[in-house]
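Colleague: There's a structure below that I have some questions on.
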Amino acid sequence: MNQIHAMRVFVRVAETQSFRRAAQQLDVSNALVTRYIAMLETHLQTRLINRTTRNLSLTEAGTRYLEGCRGLLEELDHLESTLAHTEREPSGTLRVVASGALSLLSLTPLLNGFSRLYPKIRIRLTVEEGHVDLVEDGYDVGIVTAFMVMGNDLVERPIGTNALVPCASPAYLAEHGEPRTPEQLAQHAFVGLPPDQRSPTWNFTCASGPAGQVTLKPSYTVNSALMVRLAALAGMGIAILPSQLVADDLASGALKRIIPDYTVDDPEVKVSIVYPRRQYLPTRIRAFIDYALEHFASGKSTAPVPQPEPAEPLVADLQEVPGV
């Protein structure tokens with residue numbers, strides 16, 4: 001059996017979800033497609049596809065094998081084109097998921113710089129607030145906080161931290177008073193993420209050491225850190241938000257840092273680049289990972305650093321950054 005041919009047939013069947021359509025696209029007979037899949041399953045000694053008279057679906061082993069096949073075949077195609085003296089520039093669609101707790105302003109320089117360096121790669125950015133299964137949800141790479149990503153066999157490359165800041169609008173503080181200790185926060189209206197995204201219990205430290213835990217019952221919850229920020233700006237209550245998300249608000253005085261003698265101690269603020277562990281990563285993914293790690297390490301981005309950022313024009317739509 002030519003295993004490479006069989007892998008290509010398997011990938012086409014998985015993508016079209018049909019033996020017949022795969023045969024038509026590959027310009028071969030249905031019988032040959034069926035034979036290749038059967039030979040591949042015999043070789044691997046495992047079932048890859050569950051098939052009925054009406055439809056087919058990948059088994060768990062088939063899903064894992066599909067991901068490996070795609071990476072391997074892309075690397076093989078690239079190698080063959082290189083040996084044929086045709087240096088292929090990385091191209092295709094790169095699917096990136098980023099934590100909603102990260103500043104969109106800090107992501108813009110990263111994506112803009114990468115897009116200029118690799119103009120044939122189309123970037124599709126999705127901003128998520130809750131948990132993400134990187135592989136199941138179809139993302140190539142994530143720039144996320146610690147609690148976000150689920151999934152097995154992932155590589156995690158830390159790039160920094162995203163400190164949390166207790167804050168409120170001056171108007172709210174003028175009306176309700178300013179808390180001086182973490183315990184006093186519980187006496188105020190609190191706006192935050194729902195409990196399935198963030199525990200209502202917060203740990204605080206001060207110069208002398210741990211300052212204890214405080215459980216805050218939100219008067220208003222919303223599944224978006226950006227919306228929590230807007231609620232705080234509107235004077236709906238106090239909030240605990242990522243420093244980079246409110247840096248400009250704090251600098252302009254639209255929000256005020258409260259209980260400044262205390263720091264939120266939270267392991268979830270670690271920011272990492274996460275991607276599936278594969279022997280053969282597609283070139284567009286590998287190029288982005290290398291560029292992003294260098295970008296953050298060189299200090300070109302303020303994303304992982306808890307100091308205020310300079311104001312920059314906000315990009316209106318980062319769902320897909322033009323690359324061509």
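By convention here, the chains of the structure tokens are called A, B, ... in the order presented, each chain's residues are numbered starting at 1, and ligands are numbered starting at 1 in the order presented.
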Hey, what's within 7 Å of Asp265 of chain A if we count only C-alpha atoms and toss same-chain stuff fewer than 4 positions away? As an NGL selection string, please?

Modeller: :A and (203-205)

Colleague: Just to be explicit: take each residue in the selection above, keep N, CA and C atoms, and write the result as a PDB file, in the first residue's frame.

Modeller:
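File written: selection26.pdb
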ATOM      1  N   ASN A 203      -8.107  36.292  45.998  1.00  0.00           N
ATOM      2  CA  ASN A 203      -6.999  36.285  46.957  1.00  0.00           C
ATOM      3  C   ASN A 203      -6.237  37.604  46.852  1.00  0.00           C
ATOM      4  N   PHE A 204      -5.921  38.169  47.988  1.00  0.00           N
ATOM      5  CA  PHE A 204      -5.189  39.432  48.021  1.00  0.00           C
ATOM      6  C   PHE A 204      -3.901  39.270  48.818  1.00  0.00           C
ATOM      7  N   THR A 205      -2.896  40.039  48.427  1.00  0.00           N
ATOM      8  CA  THR A 205      -1.646  40.113  49.176  1.00  0.00           C
ATOM      9  C   THR A 205      -1.310  41.588  49.399  1.00  0.00           C
TER      10      THR A 205
END

Colleague: What parts of segment 75-167 of chain A does DSSP call alpha helix (DSSP H)? I'd like the answer as a list in words.

Modeller: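 So the alpha helix (DSSP H) residues in segment 75-167 of chain A would be Glu75, Leu76, Asp77, His78, Leu79, Glu80, Ser81, Thr82, Leu83, Leu104, Leu105, Ser106, Leu107, Thr108, Pro109, Leu110, Leu111, Asn112, Gly113, Phe114, Ser115, Arg116 and Leu117 of chain A.
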
Colleague: Using only N, CA, C and O atoms, please write the residues we just selected to a file, as an mmCIF file, in the first residue's frame.

Modeller:
data_model
loop_
_atom_site.group_PDB
_atom_site.id
_atom_site.type_symbol
_atom_site.label_atom_id
_atom_site.label_comp_id
_atom_site.auth_asym_id
_atom_site.auth_seq_id
_atom_site.Cartn_x
_atom_site.Cartn_y
_atom_site.Cartn_z
ATOM 1 N N GLU A 75 3.655 19.369 5.328
ATOM 2 C CA GLU A 75 5.116 19.415 5.378
ATOM 3 C C GLU A 75 5.733 18.686 4.186
ATOM 4 O O GLU A 75 6.732 19.137 3.613
ATOM 5 N N LEU A 76 5.152 17.569 3.798
ATOM 6 C CA LEU A 76 5.657 16.824 2.651
ATOM 7 C C LEU A 76 5.523 17.637 1.369
ATOM 8 O O LEU A 76 6.453 17.693 0.551
ATOM 9 N N ASP A 77 4.368 18.278 1.189
ATOM 10 C CA ASP A 77 4.168 19.117 0.007
ATOM 11 C C ASP A 77 5.174 20.260 -0.034
ATOM 12 O O ASP A 77 5.718 20.605 -1.087
ATOM 13 N N HIS A 78 5.427 20.848 1.137
ATOM 14 C CA HIS A 78 6.401 21.931 1.199
ATOM 15 C C HIS A 78 7.802 21.431 0.872
ATOM 16 O O HIS A 78 8.557 22.084 0.132
ATOM 17 N N LEU A 79 8.168 20.290 1.411
ATOM 18 C CA LEU A 79 9.492 19.720 1.136
ATOM 19 C C LEU A 79 9.661 19.436 -0.347
ATOM 20 O O LEU A 79 10.703 19.755 -0.941
ATOM 21 N N GLU A 80 8.640 18.857 -0.964
ATOM 22 C CA GLU A 80 8.738 18.517 -2.381
ATOM 23 C C GLU A 80 8.851 19.764 -3.251
ATOM 24 O O GLU A 80 9.615 19.784 -4.219
ATOM 25 N N SER A 81 8.101 20.805 -2.887
ATOM 26 C CA SER A 81 8.194 22.029 -3.677
ATOM 27 C C SER A 81 9.552 22.701 -3.504
ATOM 28 O O SER A 81 10.090 23.294 -4.435
ATOM 29 N N THR A 82 10.123 22.588 -2.292
ATOM 30 C CA THR A 82 11.452 23.159 -2.063
ATOM 31 C C THR A 82 12.503 22.418 -2.870
ATOM 32 O O THR A 82 13.392 23.033 -3.487
ATOM 33 N N LEU A 83 12.421 21.086 -2.876
ATOM 34 C CA LEU A 83 13.372 20.293 -3.648
ATOM 35 C C LEU A 83 13.231 20.537 -5.139
ATOM 36 O O LEU A 83 14.171 20.326 -5.901
ATOM 37 N N LEU A 104 -7.112 44.549 23.067
ATOM 38 C CA LEU A 104 -7.094 44.476 21.607
ATOM 39 C C LEU A 104 -6.003 45.372 21.043
ATOM 40 O O LEU A 104 -5.431 45.083 19.986
ATOM 41 N N LEU A 105 -5.701 46.464 21.743
ATOM 42 C CA LEU A 105 -4.639 47.349 21.274
ATOM 43 C C LEU A 105 -3.291 46.644 21.284
ATOM 44 O O LEU A 105 -2.450 46.891 20.429
ATOM 45 N N SER A 106 -3.075 45.758 22.246
ATOM 46 C CA SER A 106 -1.790 45.075 22.329
ATOM 47 C C SER A 106 -1.666 43.969 21.294
ATOM 48 O O SER A 106 -0.564 43.596 20.913
ATOM 49 N N LEU A 107 -2.800 43.422 20.838
ATOM 50 C CA LEU A 107 -2.749 42.385 19.811
ATOM 51 C C LEU A 107 -2.526 42.969 18.429
ATOM 52 O O LEU A 107 -1.969 42.306 17.549
ATOM 53 N N THR A 108 -2.948 44.204 18.210
ATOM 54 C CA THR A 108 -2.863 44.796 16.884
ATOM 55 C C THR A 108 -1.431 44.865 16.352
ATOM 56 O O THR A 108 -1.181 44.483 15.207
ATOM 57 N N PRO A 109 -0.442 45.353 17.120
ATOM 58 C CA PRO A 109 0.925 45.393 16.592
ATOM 59 C C PRO A 109 1.455 44.005 16.227
ATOM 60 O O PRO A 109 2.174 43.855 15.236
ATOM 61 N N LEU A 110 1.109 42.998 17.035
ATOM 62 C CA LEU A 110 1.553 41.632 16.750
ATOM 63 C C LEU A 110 1.003 41.155 15.411
ATOM 64 O O LEU A 110 1.750 40.681 14.544
ATOM 65 N N LEU A 111 -0.310 41.261 15.223
ATOM 66 C CA LEU A 111 -0.934 40.759 14.012
ATOM 67 C C LEU A 111 -0.556 41.585 12.794
ATOM 68 O O LEU A 111 -0.361 41.050 11.694
ATOM 69 N N ASN A 112 -0.423 42.882 12.980
ATOM 70 C CA ASN A 112 -0.027 43.741 11.871
ATOM 71 C C ASN A 112 1.392 43.421 11.404
ATOM 72 O O ASN A 112 1.655 43.311 10.206
ATOM 73 N N GLY A 113 2.306 43.254 12.362
ATOM 74 C CA GLY A 113 3.691 42.938 11.997
ATOM 75 C C GLY A 113 3.814 41.598 11.303
ATOM 76 O O GLY A 113 4.537 41.453 10.313
ATOM 77 N N PHE A 114 3.087 40.589 11.828
ATOM 78 C CA PHE A 114 3.133 39.268 11.211
ATOM 79 C C PHE A 114 2.529 39.301 9.813
ATOM 80 O O PHE A 114 3.058 38.684 8.879
ATOM 81 N N SER A 115 1.425 40.024 9.655
ATOM 82 C CA SER A 115 0.766 40.103 8.352
ATOM 83 C C SER A 115 1.664 40.761 7.315
ATOM 84 O O SER A 115 1.683 40.373 6.141
ATOM 85 N N ARG A 116 2.419 41.753 7.720
ATOM 86 C CA ARG A 116 3.344 42.410 6.790
ATOM 87 C C ARG A 116 4.490 41.474 6.394
ATOM 88 O O ARG A 116 4.969 41.507 5.247
ATOM 89 N N LEU A 117 4.928 40.653 7.340
ATOM 90 C CA LEU A 117 6.045 39.748 7.057
ATOM 91 C C LEU A 117 5.604 38.561 6.212
ATOM 92 O O LEU A 117 6.361 38.064 5.374
#

Colleague: Kindly assemble as CSV a list of the segment 176-237 of chain A residues that lie within 10 Å of segment 149-169 of chain A, each paired with its nearest atom pair and their distance in Å to one decimal, using only C-alpha atoms, sorted first by chain and then by ascending residue number.

Modeller:
residue,atom,partner,partner_atom,distance
A:Glu178,CA,A:Ala168,CA,8.9
A:Pro182,CA,A:Pro166,CA,9.5
A:Leu185,CA,A:Pro166,CA,9.4
A:Phe190,CA,A:Ala168,CA,9.5
A:Val191,CA,A:Ala168,CA,9.8
A:Arg229,CA,A:Ala168,CA,9.3
A:Ala231,CA,A:Ser169,CA,9.5
A:Ala232,CA,A:Ala168,CA,5.7
A:Leu233,CA,A:Ser169,CA,5.5
A:Ala234,CA,A:Ser169,CA,7.3
A:Gly235,CA,A:Ser169,CA,5.5
A:Met236,CA,A:Ser169,CA,8.6
A:Gly237,CA,A:Ala168,CA,6.5

Colleague: Any chance you can output those residues with N, CA, C and O atoms as a PDB file, in the first residue's frame?

Modeller:
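After the write, part-v1.pdb holds the following:
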ATOM      1  N   GLU A 178     -15.095  55.135  49.142  1.00  0.00           N
ATOM      2  CA  GLU A 178     -13.995  54.339  48.598  1.00  0.00           C
ATOM      3  C   GLU A 178     -13.549  53.279  49.598  1.00  0.00           C
ATOM      4  O   GLU A 178     -13.202  53.601  50.736  1.00  0.00           O
ATOM      5  N   PRO A 182      -9.500  44.922  51.280  1.00  0.00           N
ATOM      6  CA  PRO A 182     -10.235  43.928  50.488  1.00  0.00           C
ATOM      7  C   PRO A 182     -11.570  43.547  51.112  1.00  0.00           C
ATOM      8  O   PRO A 182     -12.549  43.332  50.399  1.00  0.00           O
ATOM      9  N   LEU A 185     -14.557  45.584  50.120  1.00  0.00           N
ATOM     10  CA  LEU A 185     -15.084  45.434  48.762  1.00  0.00           C
ATOM     11  C   LEU A 185     -16.446  44.749  48.780  1.00  0.00           C
ATOM     12  O   LEU A 185     -17.309  45.029  47.948  1.00  0.00           O
ATOM     13  N   PHE A 190     -20.621  45.012  42.923  1.00  0.00           N
ATOM     14  CA  PHE A 190     -19.482  44.446  42.191  1.00  0.00           C
ATOM     15  C   PHE A 190     -19.953  43.990  40.817  1.00  0.00           C
ATOM     16  O   PHE A 190     -21.010  43.348  40.686  1.00  0.00           O
ATOM     17  N   VAL A 191     -19.205  44.324  39.788  1.00  0.00           N
ATOM     18  CA  VAL A 191     -19.506  43.876  38.421  1.00  0.00           C
ATOM     19  C   VAL A 191     -18.378  42.958  37.974  1.00  0.00           C
ATOM     20  O   VAL A 191     -17.205  43.253  38.194  1.00  0.00           O
ATOM     21  N   ARG A 229     -15.718  46.192  31.886  1.00  0.00           N
ATOM     22  CA  ARG A 229     -15.039  47.502  31.883  1.00  0.00           C
ATOM     23  C   ARG A 229     -16.042  48.623  31.632  1.00  0.00           C
ATOM     24  O   ARG A 229     -16.027  49.659  32.320  1.00  0.00           O
ATOM     25  N   ALA A 231     -19.213  48.624  32.204  1.00  0.00           N
ATOM     26  CA  ALA A 231     -20.086  48.757  33.376  1.00  0.00           C
ATOM     27  C   ALA A 231     -19.395  49.558  34.474  1.00  0.00           C
ATOM     28  O   ALA A 231     -20.011  50.397  35.140  1.00  0.00           O
ATOM     29  N   ALA A 232     -18.101  49.295  34.675  1.00  0.00           N
ATOM     30  CA  ALA A 232     -17.352  50.051  35.680  1.00  0.00           C
ATOM     31  C   ALA A 232     -17.268  51.520  35.292  1.00  0.00           C
ATOM     32  O   ALA A 232     -17.424  52.414  36.133  1.00  0.00           O
ATOM     33  N   LEU A 233     -17.027  51.794  34.008  1.00  0.00           N
ATOM     34  CA  LEU A 233     -16.963  53.182  33.537  1.00  0.00           C
ATOM     35  C   LEU A 233     -18.301  53.891  33.732  1.00  0.00           C
ATOM     36  O   LEU A 233     -18.350  55.105  33.984  1.00  0.00           O
ATOM     37  N   ALA A 234     -19.395  53.136  33.607  1.00  0.00           N
ATOM     38  CA  ALA A 234     -20.727  53.719  33.766  1.00  0.00           C
ATOM     39  C   ALA A 234     -21.112  53.928  35.226  1.00  0.00           C
ATOM     40  O   ALA A 234     -22.185  54.476  35.508  1.00  0.00           O
ATOM     41  N   GLY A 235     -20.262  53.478  36.164  1.00  0.00           N
ATOM     42  CA  GLY A 235     -20.544  53.671  37.572  1.00  0.00           C
ATOM     43  C   GLY A 235     -21.449  52.631  38.177  1.00  0.00           C
ATOM     44  O   GLY A 235     -22.087  52.866  39.211  1.00  0.00           O
ATOM     45  N   MET A 236     -21.524  51.427  37.552  1.00  0.00           N
ATOM     46  CA  MET A 236     -22.404  50.385  38.062  1.00  0.00           C
ATOM     47  C   MET A 236     -21.824  49.664  39.276  1.00  0.00           C
ATOM     48  O   MET A 236     -22.532  48.916  39.941  1.00  0.00           O
ATOM     49  N   GLY A 237     -20.545  49.860  39.545  1.00  0.00           N
ATOM     50  CA  GLY A 237     -19.941  49.210  40.698  1.00  0.00           C
ATOM     51  C   GLY A 237     -18.438  49.129  40.540  1.00  0.00           C
ATOM     52  O   GLY A 237     -17.862  49.640  39.572  1.00  0.00           O
TER      53      GLY A 237
END

Colleague: Using atom CA of Gln244 of chain A and atom CA of Gln213 of chain A as the two end points, give the distance in Å to one decimal.

Modeller: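 According to the coordinates, atom CA of Gln244 of chain A and atom CA of Gln213 of chain A are separated by 23.7 Å.
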
Colleague: Using only C-alpha atoms, which of A:Pro179, A:Thr215, A:Thr221, A:Ile143 sits nearest Pro194 of chain A?

Modeller: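 For Pro194 of chain A, the nearest of the given residues is A:Thr221.
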
Colleague: So what do you get for atom CA of Arg122 of chain A versus atom CA of Leu293 of chain A, distance-wise?

Modeller: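 So the two atoms, atom CA of Arg122 of chain A and atom CA of Leu293 of chain A, lie 19.3 Å apart.
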
Colleague: How far is it from atom CA of Val96 of chain A to atom CA of Leu125 of chain A, in Å with one decimal?

Modeller: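 Between these atoms lies a distance of 4.9 Å.
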
Colleague: To test your reading of the structure, identify every residue in segment 2-108 of chain A that backbone DSSP assigns to strand (DSSP E or B), and report it as a list of chain:residue names.

Modeller: A:Ile49, A:Asn50, A:Arg51, A:Leu56, A:Ser57, A:Leu58, A:Gly92, A:Thr93, A:Leu94, A:Arg95, A:Val96, A:Val97, A:Ala98, A:Ser99

Colleague: Those same residues - all heavy atoms - I'd like them written as an mmCIF file, in the first residue's frame.

Modeller:
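part00.cif was written with the following content:
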data_model
loop_
_atom_site.group_PDB
_atom_site.id
_atom_site.type_symbol
_atom_site.label_atom_id
_atom_site.label_comp_id
_atom_site.auth_asym_id
_atom_site.auth_seq_id
_atom_site.Cartn_x
_atom_site.Cartn_y
_atom_site.Cartn_z
ATOM 1 N N ILE A 49 -13.107 5.372 10.624
ATOM 2 C CA ILE A 49 -14.362 5.963 10.179
ATOM 3 C C ILE A 49 -15.520 5.051 10.558
ATOM 4 O O ILE A 49 -15.478 3.844 10.297
ATOM 5 C CB ILE A 49 -14.357 6.194 8.651
ATOM 6 C CG1 ILE A 49 -13.240 7.170 8.259
ATOM 7 C CG2 ILE A 49 -15.709 6.714 8.174
ATOM 8 C CD1 ILE A 49 -13.090 7.345 6.762
ATOM 9 N N ASN A 50 -16.524 5.620 11.182
ATOM 10 C CA ASN A 50 -17.790 4.915 11.395
ATOM 11 C C ASN A 50 -18.708 5.242 10.221
ATOM 12 O O ASN A 50 -18.950 6.423 9.934
ATOM 13 C CB ASN A 50 -18.453 5.371 12.706
ATOM 14 C CG ASN A 50 -17.690 4.885 13.919
ATOM 15 O OD1 ASN A 50 -17.190 3.753 13.940
ATOM 16 N ND2 ASN A 50 -17.593 5.732 14.935
ATOM 17 N N ARG A 51 -19.188 4.234 9.507
ATOM 18 C CA ARG A 51 -20.004 4.503 8.343
ATOM 19 C C ARG A 51 -21.318 3.733 8.417
ATOM 20 O O ARG A 51 -21.355 2.581 8.855
ATOM 21 C CB ARG A 51 -19.272 4.181 7.045
ATOM 22 C CG ARG A 51 -18.306 2.995 7.106
ATOM 23 C CD ARG A 51 -17.197 3.210 6.063
ATOM 24 N NE ARG A 51 -16.290 2.085 5.932
ATOM 25 C CZ ARG A 51 -15.214 1.934 6.681
ATOM 26 N NH1 ARG A 51 -14.944 2.809 7.632
ATOM 27 N NH2 ARG A 51 -14.400 0.913 6.492
ATOM 28 N N LEU A 56 -21.308 9.221 7.502
ATOM 29 C CA LEU A 56 -20.089 8.691 8.118
ATOM 30 C C LEU A 56 -19.567 9.721 9.103
ATOM 31 O O LEU A 56 -19.851 10.920 9.001
ATOM 32 C CB LEU A 56 -19.046 8.328 7.059
ATOM 33 C CG LEU A 56 -18.489 9.442 6.152
ATOM 34 C CD1 LEU A 56 -17.354 10.191 6.819
ATOM 35 C CD2 LEU A 56 -17.975 8.823 4.845
ATOM 36 N N SER A 57 -18.794 9.255 10.048
ATOM 37 C CA SER A 57 -18.179 10.135 11.040
ATOM 38 C C SER A 57 -16.852 9.526 11.466
ATOM 39 O O SER A 57 -16.650 8.312 11.391
ATOM 40 C CB SER A 57 -19.094 10.315 12.253
ATOM 41 O OG SER A 57 -19.318 9.061 12.891
ATOM 42 N N LEU A 58 -15.935 10.390 11.887
ATOM 43 C CA LEU A 58 -14.631 9.920 12.334
ATOM 44 C C LEU A 58 -14.725 9.366 13.752
ATOM 45 O O LEU A 58 -15.453 9.887 14.600
ATOM 46 C CB LEU A 58 -13.626 11.061 12.309
ATOM 47 C CG LEU A 58 -13.273 11.673 10.955
ATOM 48 C CD1 LEU A 58 -12.227 12.761 11.130
ATOM 49 C CD2 LEU A 58 -12.773 10.621 9.973
ATOM 50 N N GLY A 92 -2.188 30.410 3.369
ATOM 51 C CA GLY A 92 -3.368 29.772 3.941
ATOM 52 C C GLY A 92 -3.968 30.600 5.060
ATOM 53 O O GLY A 92 -3.566 31.738 5.321
ATOM 54 N N THR A 93 -4.931 30.023 5.753
ATOM 55 C CA THR A 93 -5.635 30.718 6.837
ATOM 56 C C THR A 93 -5.099 30.265 8.187
ATOM 57 O O THR A 93 -5.008 29.076 8.466
ATOM 58 C CB THR A 93 -7.150 30.438 6.766
ATOM 59 O OG1 THR A 93 -7.664 30.924 5.516
ATOM 60 C CG2 THR A 93 -7.879 31.137 7.909
ATOM 61 N N LEU A 94 -4.725 31.226 9.010
ATOM 62 C CA LEU A 94 -4.247 30.960 10.370
ATOM 63 C C LEU A 94 -5.353 31.351 11.340
ATOM 64 O O LEU A 94 -5.766 32.515 11.390
ATOM 65 C CB LEU A 94 -2.983 31.779 10.657
ATOM 66 C CG LEU A 94 -2.385 31.607 12.055
ATOM 67 C CD1 LEU A 94 -1.702 30.242 12.168
ATOM 68 C CD2 LEU A 94 -1.403 32.731 12.362
ATOM 69 N N ARG A 95 -5.837 30.378 12.107
ATOM 70 C CA ARG A 95 -6.948 30.618 13.044
ATOM 71 C C ARG A 95 -6.387 30.800 14.458
ATOM 72 O O ARG A 95 -5.854 29.860 15.043
ATOM 73 C CB ARG A 95 -7.937 29.460 12.983
ATOM 74 C CG ARG A 95 -8.638 29.366 11.632
ATOM 75 C CD ARG A 95 -9.479 28.114 11.493
ATOM 76 N NE ARG A 95 -10.195 28.110 10.226
ATOM 77 C CZ ARG A 95 -9.667 27.719 9.068
ATOM 78 N NH1 ARG A 95 -8.410 27.291 9.019
ATOM 79 N NH2 ARG A 95 -10.377 27.757 7.967
ATOM 80 N N VAL A 96 -6.499 32.016 14.951
ATOM 81 C CA VAL A 96 -5.945 32.391 16.255
ATOM 82 C C VAL A 96 -7.087 32.715 17.200
ATOM 83 O O VAL A 96 -8.028 33.439 16.837
ATOM 84 C CB VAL A 96 -5.019 33.616 16.130
ATOM 85 C CG1 VAL A 96 -4.418 33.970 17.489
ATOM 86 C CG2 VAL A 96 -3.912 33.355 15.105
ATOM 87 N N VAL A 97 -7.032 32.183 18.417
ATOM 88 C CA VAL A 97 -7.993 32.553 19.449
ATOM 89 C C VAL A 97 -7.236 33.305 20.543
ATOM 90 O O VAL A 97 -6.129 32.929 20.917
ATOM 91 C CB VAL A 97 -8.719 31.315 20.027
ATOM 92 C CG1 VAL A 97 -7.748 30.352 20.691
ATOM 93 C CG2 VAL A 97 -9.801 31.734 21.005
ATOM 94 N N ALA A 98 -7.823 34.408 21.012
ATOM 95 C CA ALA A 98 -7.178 35.222 22.036
ATOM 96 C C ALA A 98 -8.152 35.464 23.178
ATOM 97 O O ALA A 98 -9.370 35.545 22.982
ATOM 98 C CB ALA A 98 -6.706 36.553 21.455
ATOM 99 N N SER A 99 -7.612 35.582 24.362
ATOM 100 C CA SER A 99 -8.424 35.843 25.544
ATOM 101 C C SER A 99 -9.024 37.235 25.470
ATOM 102 O O SER A 99 -8.345 38.209 25.118
ATOM 103 C CB SER A 99 -7.554 35.719 26.794
ATOM 104 O OG SER A 99 -8.231 36.229 27.921
#

Colleague: Determine the nearest neighbour of Val141 of chain A from the options A:Ser298, A:Gly177, A:Pro276, A:Leu281, counting only C-alpha atoms.

Modeller: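 The answer is A:Pro276, which sits nearest to Val141 of chain A.
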
Colleague: Using only C-alpha atoms, can you tell me which of A:Leu216, A:Ala189, A:Met148, A:Ala297 comes closest to Glu128 of chain A?

Modeller: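 Of A:Leu216, A:Ala189, A:Met148, A:Ala297, the one nearest Glu128 of chain A is A:Met148, counting only C-alpha atoms.
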
Colleague: Write out as a ChimeraX atom specification which residues come within 8 Å of Ser224 of chain A when counting only C-alpha atoms, dropping same-chain ones fewer than 2 positions away.

Modeller: /A:100,129,193,222,226-228

Colleague: Restricting it to C-alpha atoms, dump the selection as an mmCIF file, in the first residue's frame.

Modeller:
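Result file follows (again-v9.cif):
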data_model
loop_
_atom_site.group_PDB
_atom_site.id
_atom_site.type_symbol
_atom_site.label_atom_id
_atom_site.label_comp_id
_atom_site.auth_asym_id
_atom_site.auth_seq_id
_atom_site.Cartn_x
_atom_site.Cartn_y
_atom_site.Cartn_z
ATOM 1 C CA GLY A 100 -10.949 38.637 25.868
ATOM 2 C CA GLU A 129 -14.053 34.938 27.117
ATOM 3 C CA LEU A 193 -17.664 37.713 34.951
ATOM 4 C CA VAL A 222 -21.625 39.586 31.895
ATOM 5 C CA LEU A 226 -14.854 44.399 27.801
ATOM 6 C CA MET A 227 -18.461 44.733 28.980
ATOM 7 C CA VAL A 228 -17.358 44.569 32.620
#

Colleague: For Gln24 of chain A, please output as a PyMOL selection string all residues within 12 Å (counting only C-alpha atoms; exclusion window: fewer than 6 positions along the same chain).

Modeller: chain A and resi 9+12-13+16+18+30-33

Colleague: Given the choices A:Cys69, A:Leu44, A:Val28, A:Ile238, which gets closest to Ala171 of chain A if the distance is worked out from only C-alpha atoms?

Modeller: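 Checking each candidate against Ala171 of chain A, we get A:Ile238 as the closest.
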